[in-house]
Amino acid sequence: MNMVQIIVMIVAGIVAFVAMNKQKQGAAWGQPVAIICAIIAIVAALWSTVSNLSGSGAKKAQEREVEFQKIQTRKLGQYIAQNHAGAKVIIINDPFNDGTRPNPMLEGLKDGLGSAVTIVAEVAPAVPKMENAEGPEGEMMEPMETWYTARAMDDILKGANADYDMVITCIGLPAGGLARLKGKKVAIAGGSVYEYGPAIQGKMIVAAVTYKPDAEYDDKPVPSNMEEAFNKRYLLVTPENLAEVATKYGELFKKR
């Protein structure tokens with residue numbers, strides 16, 4: 001709500017209050033003026049709501065979410081750059097992004113990685129074509145777990161025909177996927193870490209970003225400090241801090 005809207009609502013409220021008092025004292029104009037001012041105050045409030053939902057407010061919310069996505073993966077990229085410099089990386093990317101629209105997670109990841117690692121390939125599982133399919137949010141689209149399988153992941157990694165020692169996935173791992181990556185290091189850019197505690201402890205998964213159970217969601221601007229912004233929503237789980245995270249957020253991990 002901007003200052004003009006606030007002033008309009010305050011003035012309308014004051015005038016309505018005065019008019020109602022005058023009406024009680026017998027002034028015939030009191031009630032109509034009070035009603036008009038009440039309507040003005042309501043319109044100002046609705047103006048703010050509509051603006052937030054369909055105008056500048058919606059645009060700001062979208063920009064805020066895009067920036068948080070970049071921060072989510074930038075932090076991961078920086079950790080890998082600092083702790084696994086020289087790695088040869090394959091990135092498993094969003095299969096629904098064909099490169100014609102922004103990809104904030106990939107952008108943030110590459111920004112964080114910098115030149116410390118070599119990206120040897122970027123791959124994505126093939127989305128099955130279905131008649132009358134409406135896309136990733138359409139009712140006709142098959143659930144991702146039915147086609148992003150361990151075998152499909154294995155196929156796209158082999159299809160990259162590249163020498164690599166680390167996989168960074170922006171879409172998580174399919175069921176049974178970790179077993180197909182023996183001998184490789186793995187980093188997960190988002191999603192659940194529920195069953196990955198042992199793999200993180202064993203240093204096969206070198207880092208994973210997940211959402212904090214007590215994440216803060218609000219309409220405030222994204223903090224300019226990256227650490228502060230990241231800590232509002234995310235956790236970076238690594239072999240070094242696994243015990244600490246599991247103690248504080250035990251619900252994140254599968255009980256053994």
# chains A, B, ... in the order shown; residues from 1 in each chain; ligands from 1
>>> residues_around(residues="Ala243 of chain A", least_positions_apart="3", cutoff="12 Å", atoms="only C-alpha atoms", output="list of chain:residue names")
A:Gly197, A:Pro198, A:Ile200, A:Gln201, A:Val237, A:Thr238, A:Pro239, A:Glu240, A:Ala246, A:Thr247, A:Lys248, A:Tyr249, A:Gly250, A:Leu252, A:Phe253
>>> residues_around(residues="Glu216 of chain A", least_positions_apart="2", cutoff="12 Å", atoms="only C-alpha atoms", output="short mmCIF file (atom, residue, chain, number, x, y, z; two decimals) with N, CA, C and O atoms, in the first residue's frame")
data_model
loop_
_atom_site.label_atom_id
_atom_site.label_comp_id
_atom_site.auth_asym_id
_atom_site.auth_seq_id
_atom_site.Cartn_x
_atom_site.Cartn_y
_atom_site.Cartn_z
N PHE A 68 15.20 -15.30 -5.14
CA PHE A 68 15.44 -16.34 -4.14
C PHE A 68 15.92 -17.63 -4.80
O PHE A 68 16.78 -18.33 -4.26
N TYR A 211 14.72 -26.75 1.83
CA TYR A 211 13.97 -25.68 2.50
C TYR A 211 14.01 -25.86 4.01
O TYR A 211 13.91 -26.97 4.52
N LYS A 212 14.14 -24.76 4.72
CA LYS A 212 14.10 -24.79 6.18
C LYS A 212 12.67 -25.06 6.65
O LYS A 212 11.72 -24.47 6.11
N PRO A 213 12.50 -25.91 7.64
CA PRO A 213 11.15 -26.10 8.19
C PRO A 213 10.56 -24.81 8.76
O PRO A 213 9.35 -24.64 8.78
N ASP A 214 11.43 -23.90 9.21
CA ASP A 214 10.95 -22.64 9.76
C ASP A 214 11.28 -21.47 8.82
O ASP A 214 11.58 -20.36 9.26
N ASP A 218 7.53 -13.73 3.28
CA ASP A 218 6.86 -12.46 3.48
C ASP A 218 7.00 -11.64 2.20
O ASP A 218 7.57 -12.10 1.21
N ASP A 219 6.45 -10.44 2.22
CA ASP A 219 6.50 -9.59 1.04
C ASP A 219 7.59 -8.53 1.14
O ASP A 219 7.58 -7.55 0.40
N LYS A 220 8.54 -8.74 2.04
CA LYS A 220 9.65 -7.80 2.17
C LYS A 220 10.63 -8.01 1.03
O LYS A 220 10.74 -9.11 0.48
N VAL A 222 14.00 -8.83 -0.98
CA VAL A 222 15.05 -9.81 -0.71
C VAL A 222 16.23 -9.09 -0.07
O VAL A 222 16.70 -8.07 -0.58
N GLU A 228 22.13 -13.63 4.47
CA GLU A 228 20.88 -13.34 5.17
C GLU A 228 19.68 -13.80 4.34
O GLU A 228 18.73 -14.39 4.87
N ALA A 229 19.73 -13.53 3.04
CA ALA A 229 18.63 -13.94 2.16
C ALA A 229 18.52 -15.46 2.10
O ALA A 229 17.42 -16.02 2.21
N PHE A 230 19.64 -16.14 1.95
CA PHE A 230 19.64 -17.61 1.88
C PHE A 230 19.08 -18.20 3.17
O PHE A 230 18.25 -19.11 3.14
N ASN A 231 19.50 -17.66 4.29
CA ASN A 231 19.11 -18.21 5.59
C ASN A 231 17.64 -17.99 5.92
O ASN A 231 17.11 -18.62 6.84
N LYS A 232 16.96 -17.11 5.19
CA LYS A 232 15.53 -16.92 5.42
C LYS A 232 14.74 -18.16 5.01
O LYS A 232 13.70 -18.45 5.61
N ARG A 233 15.24 -18.87 4.00
CA ARG A 233 14.43 -19.96 3.44
C ARG A 233 15.13 -21.31 3.38
O ARG A 233 14.46 -22.34 3.42
N TYR A 234 16.44 -21.30 3.25
CA TYR A 234 17.12 -22.53 2.87
C TYR A 234 18.15 -23.00 3.89
O TYR A 234 18.60 -22.25 4.76
#
>>> residues_around(residues="Glu145 of chain A", least_positions_apart="6", cutoff="10 Å", atoms="only C-alpha atoms", output="VMD selection string")
chain A and resid 173 to 175
>>> closest_residue(among="A:Ile168, A:Leu76, A:Leu109, A:Ala189", to="Ala121 of chain A", atoms="only C-alpha atoms")
A:Ile168
>>> closest_residue(among="A:Pro128, A:Gly190, A:Pro102, A:Gly183", to="Glu67 of chain A", atoms="only C-alpha atoms")
A:Pro102
>>> select_by_dssp(residues="segment 95-239 of chain A", states="strand (DSSP E)", output="list in words")
Thr118, Ile119, Val120, Ala121, Glu122, Val123, Met166, Val167, Ile168, Thr169, Lys185, Val186, Ala187, Ile188, Ile205, Val206, Ala207, Ala208, Val209, Thr210, Tyr211, Tyr234, Leu235, Leu236 and Val237 of chain A
>>> closest_residue(among="A:Met144, A:Ala87, A:Ala124, A:Ile71", to="Lys184 of chain A", atoms="only C-alpha atoms")
A:Ala87
>>> residues_around(residues="Thr118 of chain A", least_positions_apart="3", cutoff="8 Å", atoms="only C-alpha atoms", output="list of chain:residue names")
A:Gly86, A:Ala87, A:Lys88, A:Val89, A:Ser115
>>> residues_around(residues="Ile205 of chain A", least_positions_apart="5", cutoff="8 Å", atoms="only C-alpha atoms", output="number ranges by chain")
A: 185-188, 196, 199-200, 238
>>> atom_distance(atom1="atom CA of Glu251 of chain A", atom2="atom CA of Gly172 of chain A")
18.8 Å
